[in-house]
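Trainee: One structure, as structure tokens, below. Some questions next.
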Amino acid sequence: MTVIGWIQIILFCAIVAALVKPLGWYMTRVFNGERTFLSPVLRPVERGIYWVGGVDERREQHWLTYTAAMLLFHVGGFAIIYGLMRLQAVLPFNPAGQSAVAEDLSFNTAISFITNTNWQNYGGESTLSYLVQMVGLTHQNFLSAATGIALAMALIRGFTRSSMRTVGNFWVDVTRCTLYVLLPICVVYALFLVWQGMPQTLGAYVDATTLEGGKQTIALGPVASQVAIKMLGTNGGGFFNANAAHPFENPTALSNLVQMVSIFALGAAMTNVFGRMVGNERQGWAIFAVMGILFVAGVTVTYWAEANGTSALHALGLTGGNMEGKEVRFGIVASSLFAVVTTAASCGAVNAMHDSFTALGGMIPLINMQLGEVIIGGVGAGFYGMLLFVVLAIFVAGLMVGRTPEYVGKKIEAREVKMAMLAILVLPLMYLGWTAVSVVLPSAVASMANSGPHGFTEVLYAFTSATGNNGSAFAGLTGNTLFYNLTLASAMFVGRFFMIVPAMAIAGSLVEKKSIPASAGTFPTTGGLFVGLVVGVILIIGGLTFFPALALGPIVEHLAMNANTLF
């Protein structure tokens with residue numbers, strides 16, 4: 001650990017914090033339907049989309065209608081991606097002549113991208129055509145990200161509205177998010193990435209002659225446009241198999257920093273949107289503080305573990321820390337920071353191989369996902385996940401003081417607590433359940449590259465990543481089999497939609513309640529006590545699910561790798 005390393009981490013945190021207010025202000029205006037500096041250009045386009053789609057932007061929806069619209073929207077997205085992959089061989093913009101993708105892999109990938117997971121059981125440059133990358137995956141990167149933000153806005157309206165039955169209009173929210181937020185930023189972002197050296201072309205792959213005289217095919221394509229939204233929308237699916245470790249997806253130290261900032265930018269800004277809409281920005285800063293504490297703790301442990309290496313590395317004379325699986329141009333600190341950022345958000349992009357991290361360094365990304373990815377989390381999805389924990393924390397506070405729990409003027413009653421617990425508990429059901437099946441089923445065990453604790457962690461990480469809609473992997477697991485394609489798809493589907501529906505039920509319940517003014521007995525939710533309580537609830541509830549699993553994985557592996565030091 002070095003001073004320069006900590007300066008990089010502090011600089012990253014400062015940039016993210018500085019973006020919270022301006023982005024929060026802008027997004028609040030967008031979702032309130034207020035005029036922005038882009039309105040003269042985009043408002044006619046927005047009205048045209050409503051006219052073509054037959055949408056009345058003034059007509060709002062009950063939470064059930066809002067949720068049904070969202071689910072039907074994703075059915076359409078699934079059909080588009082699946083169809084494009086199965087018909088890939090006969091479609092245009094396929095300079096490498098990629099063949100049709102197998103049924104089970106197409107199914108897994110379609111589920112993966114509509115759920116904002118972007119788990120990839122394939123190598124992008126060796127499997128997919130330009131058309132599938134653009135029309136199938138990139139387009140869904142925009143829409144799945146917009147959906148997450150739209151659902152967060154619906155839940156926020158549940159807290160801000162009083163004695164109503166509607167939580168907004170799904171079609172309007174998705175349209176505004178895509179037009180006014182995601183597209184404008186990505187246009188500028190993609191141009192920046194091209195400037196940094198990232199390809200953006202429809203030209204064919206290039207054949208080159210190596211210094212040894214051999215032939216090498218260099219994959220190209222419309223990379224910058226996909227990387228921009230993969231990072232901003234916390235999607236994470238790589239154009240290339242090596243993802244953000246590939247020089248064409250992450251060419252420079254500057255592009256690496258900007259990509260990390262973009263992963264956090266919109267998710268962090270959602271806290272300010274919440275504060276503005278409830279009429280008290282301090283409420284948003286309190287939630288941001290909860291996220292910040294958990295994030296900094298994770299970065300500290302990961303950086304320490306990777307910078308110190310292990311006794312096994314020291315025995316080989318490698319005392320400069322663990323550089324295995326890391327790009328030299330990024331080094332230990334940027335790789336450690338990226339790993340925590342991408343798993344604190346539900347991005348899943350990687351600039352280093354998590355499978356090669358030390359045991360404790362790899363444990364933190366796993367913990368981030370098993371906490372429900374509420375530390376910033378996916379755009380929108382992380383925020384409504386955090387609000388579920390806030391509901392539980394307020395309920396605990398109410399039990400302690402003997403009063404009906406209240407949060408920003410709304411009573412938190414049995415229905416909200418039950419729905420919050422249902423949404424949170426469905427996650428360990430998936431990743432622990434499927435892991436248990438996978439480590440005893442011979443065909444599933446055959447896909448593990450490693451035995452013992454590390455092999456177990458590979459499987460646990462895969463199902464945790466899928467259930468948390470993250471998409472990163474430990475890389476030692478062969479996932480492109482019928483068993484893993486289907487089980488990981490089920491984990492992704494349940495992890496996304498079985499969390500969304502209870503969250504929307506909470507929104508529908510809250511929006512019908514009257515707002516009550518704060519009283520002398522109201523638990524304050526803008527100070528350090530509240531922040532500490534929410535952090536404690538997250539760690540306690542998360543710990544009840546992930547510590548039993550972790551005890552058999554990274555912790556055991558850490559003890560084994562450092563046996564000479566510890567015993």
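Identifiers for the structure tokens are assigned positionally: chains receive A, B, ... in sequence, residues are indexed from 1 per chain, and ligands are indexed from 1 in the order shown.
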List as JSON lines every residue of stretch 369-429 of chain A that is in contact with stretch 500-510 of chain A, defined as an atom at most 9 Å from one of its atoms (using only C-alpha atoms), together with the nearest atom pair and the distance in Å rounded to one decimal, sorted by chain and then rising number.

Mentor:
{"residue": "A:Ala381", "atom": "CA", "partner": "A:Ile500", "partner_atom": "CA", "distance": 8.4}
{"residue": "A:Tyr384", "atom": "CA", "partner": "A:Ala503", "partner_atom": "CA", "distance": 7.2}
{"residue": "A:Gly385", "atom": "CA", "partner": "A:Ala503", "partner_atom": "CA", "distance": 8.1}
{"residue": "A:Leu387", "atom": "CA", "partner": "A:Ala503", "partner_atom": "CA", "distance": 8.9}
{"residue": "A:Leu388", "atom": "CA", "partner": "A:Ala503", "partner_atom": "CA", "distance": 7.4}
{"residue": "A:Lys410", "atom": "CA", "partner": "A:Leu510", "partner_atom": "CA", "distance": 6.9}
{"residue": "A:Lys411", "atom": "CA", "partner": "A:Leu510", "partner_atom": "CA", "distance": 8.1}
{"residue": "A:Ile412", "atom": "CA", "partner": "A:Leu510", "partner_atom": "CA", "distance": 8.3}
{"residue": "A:Arg415", "atom": "CA", "partner": "A:Ile506", "partner_atom": "CA", "distance": 7.6}
{"residue": "A:Glu416", "atom": "CA", "partner": "A:Ile506", "partner_atom": "CA", "distance": 5.4}
{"residue": "A:Val417", "atom": "CA", "partner": "A:Ile506", "partner_atom": "CA", "distance": 8.7}
{"residue": "A:Lys418", "atom": "CA", "partner": "A:Pro502", "partner_atom": "CA", "distance": 8.8}
{"residue": "A:Met419", "atom": "CA", "partner": "A:Pro502", "partner_atom": "CA", "distance": 5.1}
{"residue": "A:Ala420", "atom": "CA", "partner": "A:Pro502", "partner_atom": "CA", "distance": 6.7}
{"residue": "A:Met421", "atom": "CA", "partner": "A:Pro502", "partner_atom": "CA", "distance": 9.0}
{"residue": "A:Leu422", "atom": "CA", "partner": "A:Pro502", "partner_atom": "CA", "distance": 7.0}
{"residue": "A:Ala423", "atom": "CA", "partner": "A:Pro502", "partner_atom": "CA", "distance": 5.9}

Trainee: I'd like the contact shell of A:Leu91 - 12 Å cut-off, only C-alpha atoms, skipping same-chain residues fewer than 2 positions apart - returned as a PyMOL selection string.

Mentor: chain A and resi 83-89+93-95+97-100+128-132+135

Trainee: Of the candidates A:Gln216, A:Ser335, A:Asn108, A:Thr115, which one gets nearest to A:Gly495 if we count only C-alpha atoms?

Mentor: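 Under the stated criterion, the closest residue is A:Thr115.
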
Trainee: Using only C-alpha atoms, can you tell me which of A:Gly275, A:Pro22, A:Gly124, A:Gly372 comes closest to A:Ile424?

Mentor: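 Closest to A:Ile424 of all the choices is A:Gly372.
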
Trainee: For the structure I just gave you, how does DSSP split stretch 343-547 of chain A - specifically, which residues are strand (DSSP E or B)? Reply as a list in words.

Mentor: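 Taking stretch 343-547 of chain A and keeping strand (DSSP E or B) only, one gets Ala352, Glu406, Tyr407, Lys410, Lys411, Met448 and Leu477 of chain A.
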
Trainee: Write the residues of the selection above to a file with N, CA, C and O atoms, as an mmCIF file, in the first residue's frame.

Mentor:
data_model
loop_
_atom_site.group_PDB
_atom_site.id
_atom_site.type_symbol
_atom_site.label_atom_id
_atom_site.label_comp_id
_atom_site.auth_asym_id
_atom_site.auth_seq_id
_atom_site.Cartn_x
_atom_site.Cartn_y
_atom_site.Cartn_z
ATOM 1 N N ALA A 352 -9.209 -6.842 -14.361
ATOM 2 C CA ALA A 352 -8.273 -7.842 -13.850
ATOM 3 C C ALA A 352 -9.085 -9.106 -13.563
ATOM 4 O O ALA A 352 -10.304 -9.041 -13.397
ATOM 5 N N GLU A 406 -41.528 5.228 11.123
ATOM 6 C CA GLU A 406 -41.839 6.237 10.110
ATOM 7 C C GLU A 406 -40.570 6.559 9.325
ATOM 8 O O GLU A 406 -39.474 6.550 9.874
ATOM 9 N N TYR A 407 -40.756 6.835 8.032
ATOM 10 C CA TYR A 407 -39.632 7.266 7.211
ATOM 11 C C TYR A 407 -40.118 8.292 6.201
ATOM 12 O O TYR A 407 -41.050 8.021 5.447
ATOM 13 N N LYS A 410 -43.857 8.674 6.005
ATOM 14 C CA LYS A 410 -44.718 7.515 5.736
ATOM 15 C C LYS A 410 -44.530 6.457 6.822
ATOM 16 O O LYS A 410 -43.397 6.132 7.196
ATOM 17 N N LYS A 411 -45.638 5.921 7.321
ATOM 18 C CA LYS A 411 -45.566 4.842 8.303
ATOM 19 C C LYS A 411 -45.113 3.554 7.628
ATOM 20 O O LYS A 411 -45.600 3.189 6.563
ATOM 21 N N MET A 448 -15.649 -27.360 -13.014
ATOM 22 C CA MET A 448 -14.779 -26.612 -12.108
ATOM 23 C C MET A 448 -13.319 -26.837 -12.473
ATOM 24 O O MET A 448 -12.867 -27.971 -12.582
ATOM 25 N N LEU A 477 -14.511 -21.332 -14.014
ATOM 26 C CA LEU A 477 -15.667 -22.217 -14.190
ATOM 27 C C LEU A 477 -16.078 -22.239 -15.665
ATOM 28 O O LEU A 477 -16.261 -21.191 -16.275
#

Trainee: For a quick check of understanding, using only C-alpha atoms, which of A:Ala269, A:Val459, A:Ile10, A:Ile111 has the smallest distance to A:Ser447?

Mentor: A:Val459

Trainee: Write out as a PyMOL selection string the residues lying within 10 Å of A:Thr404, counting only C-alpha atoms and excluding same-chain residues fewer than 4 positions away.

Mentor: chain A and resi 394-395+397-399+411-413+521-522

Trainee: Now that the selection is made, can you save its residues with all heavy atoms as a PDB file, in the first residue's frame?

Mentor:
ATOM      1  N   ILE A 394     -35.603   1.038   9.682  1.00  0.00           N
ATOM      2  CA  ILE A 394     -36.604   1.869  10.352  1.00  0.00           C
ATOM      3  C   ILE A 394     -37.535   1.003  11.199  1.00  0.00           C
ATOM      4  O   ILE A 394     -37.954   1.388  12.302  1.00  0.00           O
ATOM      5  CB  ILE A 394     -37.405   2.663   9.310  1.00  0.00           C
ATOM      6  CG1 ILE A 394     -36.510   3.711   8.654  1.00  0.00           C
ATOM      7  CG2 ILE A 394     -38.615   3.328   9.925  1.00  0.00           C
ATOM      8  CD1 ILE A 394     -35.968   4.756   9.597  1.00  0.00           C
ATOM      9  N   PHE A 395     -37.845  -0.180  10.699  1.00  0.00           N
ATOM     10  CA  PHE A 395     -38.677  -1.107  11.469  1.00  0.00           C
ATOM     11  C   PHE A 395     -37.970  -1.508  12.769  1.00  0.00           C
ATOM     12  O   PHE A 395     -38.585  -1.534  13.842  1.00  0.00           O
ATOM     13  CB  PHE A 395     -38.978  -2.340  10.616  1.00  0.00           C
ATOM     14  CG  PHE A 395     -39.709  -3.423  11.358  1.00  0.00           C
ATOM     15  CD1 PHE A 395     -41.036  -3.262  11.737  1.00  0.00           C
ATOM     16  CD2 PHE A 395     -39.074  -4.615  11.683  1.00  0.00           C
ATOM     17  CE1 PHE A 395     -41.716  -4.266  12.425  1.00  0.00           C
ATOM     18  CE2 PHE A 395     -39.738  -5.624  12.363  1.00  0.00           C
ATOM     19  CZ  PHE A 395     -41.062  -5.447  12.733  1.00  0.00           C
ATOM     20  N   ALA A 397     -35.674   0.235  14.320  1.00  0.00           N
ATOM     21  CA  ALA A 397     -35.654   1.421  15.181  1.00  0.00           C
ATOM     22  C   ALA A 397     -36.994   1.604  15.873  1.00  0.00           C
ATOM     23  O   ALA A 397     -37.057   1.959  17.070  1.00  0.00           O
ATOM     24  CB  ALA A 397     -35.325   2.662  14.352  1.00  0.00           C
ATOM     25  N   GLY A 398     -38.092   1.346  15.155  1.00  0.00           N
ATOM     26  CA  GLY A 398     -39.412   1.453  15.763  1.00  0.00           C
ATOM     27  C   GLY A 398     -39.611   0.464  16.892  1.00  0.00           C
ATOM     28  O   GLY A 398     -40.224   0.779  17.917  1.00  0.00           O
ATOM     29  N   LEU A 399     -39.090  -0.754  16.716  1.00  0.00           N
ATOM     30  CA  LEU A 399     -39.186  -1.749  17.777  1.00  0.00           C
ATOM     31  C   LEU A 399     -38.425  -1.302  19.024  1.00  0.00           C
ATOM     32  O   LEU A 399     -38.854  -1.543  20.156  1.00  0.00           O
ATOM     33  CB  LEU A 399     -38.633  -3.093  17.282  1.00  0.00           C
ATOM     34  CG  LEU A 399     -39.429  -3.824  16.205  1.00  0.00           C
ATOM     35  CD1 LEU A 399     -38.708  -5.105  15.810  1.00  0.00           C
ATOM     36  CD2 LEU A 399     -40.843  -4.149  16.692  1.00  0.00           C
ATOM     37  N   LYS A 411     -45.638   5.921   7.321  1.00  0.00           N
ATOM     38  CA  LYS A 411     -45.566   4.842   8.303  1.00  0.00           C
ATOM     39  C   LYS A 411     -45.113   3.554   7.628  1.00  0.00           C
ATOM     40  O   LYS A 411     -45.600   3.189   6.563  1.00  0.00           O
ATOM     41  CB  LYS A 411     -46.925   4.629   8.957  1.00  0.00           C
ATOM     42  CG  LYS A 411     -47.328   5.726   9.936  1.00  0.00           C
ATOM     43  CD  LYS A 411     -48.609   5.366  10.662  1.00  0.00           C
ATOM     44  CE  LYS A 411     -48.967   6.427  11.710  1.00  0.00           C
ATOM     45  NZ  LYS A 411     -50.198   6.065  12.454  1.00  0.00           N
ATOM     46  N   ILE A 412     -44.175   2.885   8.258  1.00  0.00           N
ATOM     47  CA  ILE A 412     -43.694   1.589   7.770  1.00  0.00           C
ATOM     48  C   ILE A 412     -44.390   0.509   8.578  1.00  0.00           C
ATOM     49  O   ILE A 412     -44.147   0.367   9.778  1.00  0.00           O
ATOM     50  CB  ILE A 412     -42.169   1.473   7.912  1.00  0.00           C
ATOM     51  CG1 ILE A 412     -41.475   2.640   7.210  1.00  0.00           C
ATOM     52  CG2 ILE A 412     -41.676   0.147   7.370  1.00  0.00           C
ATOM     53  CD1 ILE A 412     -41.760   2.744   5.727  1.00  0.00           C
ATOM     54  N   GLU A 413     -45.267  -0.226   7.912  1.00  0.00           N
ATOM     55  CA  GLU A 413     -46.092  -1.208   8.608  1.00  0.00           C
ATOM     56  C   GLU A 413     -45.778  -2.620   8.120  1.00  0.00           C
ATOM     57  O   GLU A 413     -44.828  -2.838   7.358  1.00  0.00           O
ATOM     58  CB  GLU A 413     -47.561  -0.850   8.418  1.00  0.00           C
ATOM     59  CG  GLU A 413     -47.894   0.512   9.030  1.00  0.00           C
ATOM     60  CD  GLU A 413     -49.309   0.958   8.751  1.00  0.00           C
ATOM     61  OE1 GLU A 413     -49.689   1.009   7.566  1.00  0.00           O
ATOM     62  OE2 GLU A 413     -50.033   1.267   9.713  1.00  0.00           O
ATOM     63  N   GLY A 521     -41.191  12.334  18.681  1.00  0.00           N
ATOM     64  CA  GLY A 521     -40.830  10.926  18.813  1.00  0.00           C
ATOM     65  C   GLY A 521     -40.366  10.286  17.521  1.00  0.00           C
ATOM     66  O   GLY A 521     -40.077   9.091  17.494  1.00  0.00           O
ATOM     67  N   THR A 522     -40.292  11.067  16.436  1.00  0.00           N
ATOM     68  CA  THR A 522     -39.859  10.518  15.146  1.00  0.00           C
ATOM     69  C   THR A 522     -38.360  10.250  15.156  1.00  0.00           C
ATOM     70  O   THR A 522     -37.566  11.107  15.550  1.00  0.00           O
ATOM     71  CB  THR A 522     -40.198  11.488  14.004  1.00  0.00           C
ATOM     72  OG1 THR A 522     -41.620  11.714  13.968  1.00  0.00           O
ATOM     73  CG2 THR A 522     -39.752  10.925  12.665  1.00  0.00           C
TER      74      THR A 522
END

Trainee: Excluding same-chain residues fewer than 4 positions from stretch 3-7 of chain A, what lies within 10 Å of it counting only C-alpha atoms, as a CSV table (one decimal) with N, CA and C atoms, in the first residue's frame?

Mentor:
chain,number,residue,atom,x,y,z
A,11,LEU,N,-9.0,10.4,-5.0
A,11,LEU,CA,-9.4,11.1,-6.2
A,11,LEU,C,-10.6,10.6,-6.8
A,12,PHE,N,-10.7,9.3,-6.9
A,12,PHE,CA,-11.9,8.6,-7.5
A,12,PHE,C,-13.1,9.0,-6.6
A,13,CYS,N,-13.0,8.8,-5.3
A,13,CYS,CA,-14.1,9.1,-4.4
A,13,CYS,C,-14.6,10.6,-4.5
A,300,THR,N,-10.5,-0.8,1.1
A,300,THR,CA,-9.4,-0.9,2.0
A,300,THR,C,-8.9,-2.4,2.2
A,303,TYR,N,-7.5,-3.7,-1.3
A,303,TYR,CA,-6.2,-3.1,-1.6
A,303,TYR,C,-5.1,-3.7,-0.7
A,307,ALA,N,-2.0,-5.8,-2.1
A,307,ALA,CA,-0.7,-5.1,-2.0
A,307,ALA,C,0.3,-6.0,-1.2
A,331,GLY,N,-1.9,-1.9,-12.7
A,331,GLY,CA,-1.3,-2.1,-11.4
A,331,GLY,C,-2.2,-2.6,-10.3
A,332,ILE,N,-1.7,-2.7,-9.1
A,332,ILE,CA,-2.5,-3.3,-8.0
A,332,ILE,C,-3.6,-2.4,-7.6
A,333,VAL,N,-3.4,-1.1,-7.4
A,333,VAL,CA,-4.4,-0.2,-6.8
A,333,VAL,C,-5.5,0.0,-7.8
A,334,ALA,N,-5.3,0.2,-9.0
A,334,ALA,CA,-6.3,0.5,-10.0
A,334,ALA,C,-7.2,-0.8,-10.2
A,337,LEU,N,-9.3,-1.3,-6.9
A,337,LEU,CA,-10.4,-0.3,-6.9
A,337,LEU,C,-11.4,-0.7,-7.9

Trainee: So that I can see what lies close to A:Val341, please list as a short mmCIF file (atom, residue, chain, number, x, y, z; two decimals) with N, CA and C atoms, in the first residue's frame the residues with an atom at most 12 Å from it, counting only C-alpha atoms and leaving out residues fewer than 6 positions away in the same chain.

Mentor:
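Contents of the output file out-v3.cif:
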data_model
loop_
_atom_site.label_atom_id
_atom_site.label_comp_id
_atom_site.auth_asym_id
_atom_site.auth_seq_id
_atom_site.Cartn_x
_atom_site.Cartn_y
_atom_site.Cartn_z
N ILE A 9 -7.29 6.42 -4.97
CA ILE A 9 -8.59 6.06 -4.41
C ILE A 9 -9.35 7.29 -3.94
N PHE A 12 -10.70 9.26 -6.92
CA PHE A 12 -11.91 8.63 -7.46
C PHE A 12 -13.13 8.97 -6.61
N CYS A 13 -13.01 8.82 -5.29
CA CYS A 13 -14.14 9.11 -4.39
C CYS A 13 -14.57 10.57 -4.49
N VAL A 16 -16.59 11.20 -7.75
CA VAL A 16 -17.95 10.65 -7.65
C VAL A 16 -18.82 11.54 -6.76
N MET A 231 -20.74 0.70 -19.24
CA MET A 231 -20.24 1.25 -17.98
C MET A 231 -21.26 2.19 -17.34
N THR A 234 -24.17 0.39 -15.92
CA THR A 234 -23.77 -0.71 -15.04
C THR A 234 -24.20 -2.06 -15.61
N GLY A 236 -21.95 -4.05 -18.02
CA GLY A 236 -20.72 -4.79 -17.79
C GLY A 236 -20.33 -5.79 -18.85
N ASN A 256 -9.49 4.17 -17.86
CA ASN A 256 -9.79 3.31 -16.71
C ASN A 256 -10.47 4.11 -15.60
N LEU A 257 -9.94 5.31 -15.31
CA LEU A 257 -10.54 6.16 -14.27
C LEU A 257 -11.94 6.60 -14.66
N GLN A 259 -14.00 5.20 -16.74
CA GLN A 259 -14.93 4.07 -16.71
C GLN A 259 -15.38 3.75 -15.30
N MET A 260 -14.48 3.78 -14.34
CA MET A 260 -14.87 3.54 -12.94
C MET A 260 -15.83 4.61 -12.45
N VAL A 261 -15.55 5.87 -12.76
CA VAL A 261 -16.43 6.96 -12.34
C VAL A 261 -17.81 6.80 -12.96
N SER A 262 -17.85 6.44 -14.24
CA SER A 262 -19.15 6.31 -14.91
C SER A 262 -19.98 5.17 -14.33
N ILE A 263 -19.33 4.12 -13.83
CA ILE A 263 -20.06 3.03 -13.20
C ILE A 263 -20.85 3.53 -12.00
N PHE A 264 -20.26 4.43 -11.23
CA PHE A 264 -20.88 4.93 -10.00
C PHE A 264 -21.76 6.17 -10.20
N ALA A 265 -21.55 6.90 -11.28
CA ALA A 265 -22.11 8.24 -11.39
C ALA A 265 -23.63 8.29 -11.19
N GLY A 267 -25.81 5.89 -10.26
CA GLY A 267 -26.29 5.25 -9.03
C GLY A 267 -26.11 6.14 -7.81
N ALA A 268 -24.96 6.82 -7.73
CA ALA A 268 -24.74 7.74 -6.62
C ALA A 268 -25.69 8.93 -6.69
N MET A 291 -23.69 4.02 1.78
CA MET A 291 -22.99 3.40 0.65
C MET A 291 -21.49 3.64 0.73
N GLY A 292 -21.12 4.88 1.07
CA GLY A 292 -19.71 5.25 1.10
C GLY A 292 -18.92 4.49 2.15
N LEU A 294 -19.54 1.47 3.42
CA LEU A 294 -19.37 0.08 3.00
C LEU A 294 -18.37 -0.02 1.85
N PHE A 295 -18.40 0.96 0.95
CA PHE A 295 -17.48 0.93 -0.19
C PHE A 295 -16.03 1.13 0.25
N VAL A 296 -15.78 2.13 1.07
CA VAL A 296 -14.42 2.41 1.51
C VAL A 296 -13.86 1.23 2.31
N ALA A 297 -14.68 0.61 3.12
CA ALA A 297 -14.22 -0.57 3.89
C ALA A 297 -13.81 -1.68 2.93
N GLY A 298 -14.60 -1.90 1.89
CA GLY A 298 -14.27 -2.95 0.93
C GLY A 298 -13.00 -2.65 0.16
N VAL A 299 -12.83 -1.40 -0.27
CA VAL A 299 -11.62 -1.02 -0.99
C VAL A 299 -10.39 -1.21 -0.12
N THR A 302 -9.50 -4.97 0.17
CA THR A 302 -9.03 -5.53 -1.10
C THR A 302 -7.65 -5.00 -1.44
N ALA A 334 -5.26 0.25 -9.04
CA ALA A 334 -6.35 0.47 -9.99
C ALA A 334 -7.15 -0.81 -10.23
N SER A 335 -6.47 -1.96 -10.17
CA SER A 335 -7.18 -3.23 -10.33
C SER A 335 -8.05 -3.53 -9.11
N CYS A 347 -22.23 -3.86 -12.07
CA CYS A 347 -21.68 -3.71 -13.42
C CYS A 347 -21.10 -5.03 -13.92
N GLY A 348 -20.11 -5.56 -13.24
CA GLY A 348 -19.55 -6.84 -13.66
C GLY A 348 -18.42 -6.74 -14.65
N ALA A 349 -18.13 -5.54 -15.19
CA ALA A 349 -16.95 -5.39 -16.04
C ALA A 349 -15.70 -5.61 -15.18
N VAL A 350 -14.65 -6.13 -15.78
CA VAL A 350 -13.43 -6.39 -15.01
C VAL A 350 -12.21 -5.91 -15.79
N ASN A 351 -11.25 -5.32 -15.09
CA ASN A 351 -9.98 -4.98 -15.72
C ASN A 351 -8.86 -5.86 -15.19
N ILE A 364 -14.01 -9.78 -1.01
CA ILE A 364 -14.76 -8.53 -0.95
C ILE A 364 -15.71 -8.37 -2.12
N PRO A 365 -15.29 -8.60 -3.38
CA PRO A 365 -16.28 -8.57 -4.46
C PRO A 365 -17.44 -9.54 -4.23
N ASN A 368 -19.71 -7.95 -1.63
CA ASN A 368 -20.46 -6.84 -2.22
C ASN A 368 -21.71 -7.33 -2.93
N MET A 369 -21.57 -8.42 -3.67
CA MET A 369 -22.72 -8.95 -4.41
C MET A 369 -23.72 -9.63 -3.48
N GLU A 373 -25.91 -5.96 -3.59
CA GLU A 373 -25.39 -4.89 -4.45
C GLU A 373 -26.12 -3.57 -4.21
N VAL A 374 -26.17 -3.19 -2.95
CA VAL A 374 -26.81 -1.94 -2.56
C VAL A 374 -25.79 -0.84 -2.34
N ILE A 375 -24.48 -1.18 -2.44
CA ILE A 375 -23.44 -0.16 -2.32
C ILE A 375 -23.34 0.52 -3.68
N ILE A 376 -24.11 1.55 -3.91
CA ILE A 376 -24.33 2.19 -5.21
C ILE A 376 -25.20 1.28 -6.07
N GLY A 377 -24.75 0.07 -6.33
CA GLY A 377 -25.57 -0.89 -7.06
C GLY A 377 -25.78 -0.52 -8.52
N GLY A 378 -26.65 -1.27 -9.18
CA GLY A 378 -26.99 -0.96 -10.56
C GLY A 378 -27.76 0.34 -10.61
N ASN A 470 -24.92 -9.10 -11.51
CA ASN A 470 -23.63 -8.46 -11.69
C ASN A 470 -22.98 -8.87 -13.00
N SER A 472 -19.91 -10.46 -13.37
CA SER A 472 -18.49 -10.80 -13.30
C SER A 472 -18.35 -12.27 -12.92
#

Trainee: Compile the contact shell of stretch 481-493 of chain A as a ChimeraX atom specification: residues with an atom at most 9 Å away, counting only C-alpha atoms, same-chain residues fewer than 2 positions apart removed.

Mentor: /A:104-112,114-117,119,121,427,430-431,434,438,443-444,447,462-469,478-479,495-498

Trainee: Pick the closest to A:Thr343 from A:Asn280, A:Asn235, A:Arg165, A:Arg43: which is it, counting only C-alpha atoms?

Mentor: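 Result for the nearest residue to A:Thr343: A:Asn235.
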
Trainee: Which polymer residues have any atom within 12 Å of an atom of A:Gly527, counting only C-alpha atoms, with same-chain residues fewer than 5 positions away left out, as a PyMOL selection string?

Mentor: chain A and resi 282-290+532-534

Trainee: Let me make sure I understand: among A:Ser515, A:Thr67, A:Gln133, A:Asn308, which one has the smallest atom-to-atom distance to A:Ile81 if we use only C-alpha atoms?

Mentor: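 The closest residue to A:Ile81 is A:Gln133.
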
Trainee: Taking into account only C-alpha atoms, which residue in the set A:Pro44, A:Pro405, A:Gly325, A:Gly197 is nearest to A:Phe248?

Mentor: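 So, comparing all the options, the nearest one is A:Gly197.
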
Trainee: Rounded to one decimal place, report the atom CA of A:Gln200-atom CA of A:Ser225 distance in Å.

Mentor: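 Value for the atom CA of A:Gln200-atom CA of A:Ser225 distance: 7.2 Å.
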
Trainee: Based on the backbone DSSP call, show me all residues of stretch 367-553 of chain A assigned alpha helix (DSSP H), as a PyMOL selection string.

Mentor: chain A and resi 367-370+381-401+414-438+442-445+452-467+482-511+528-550
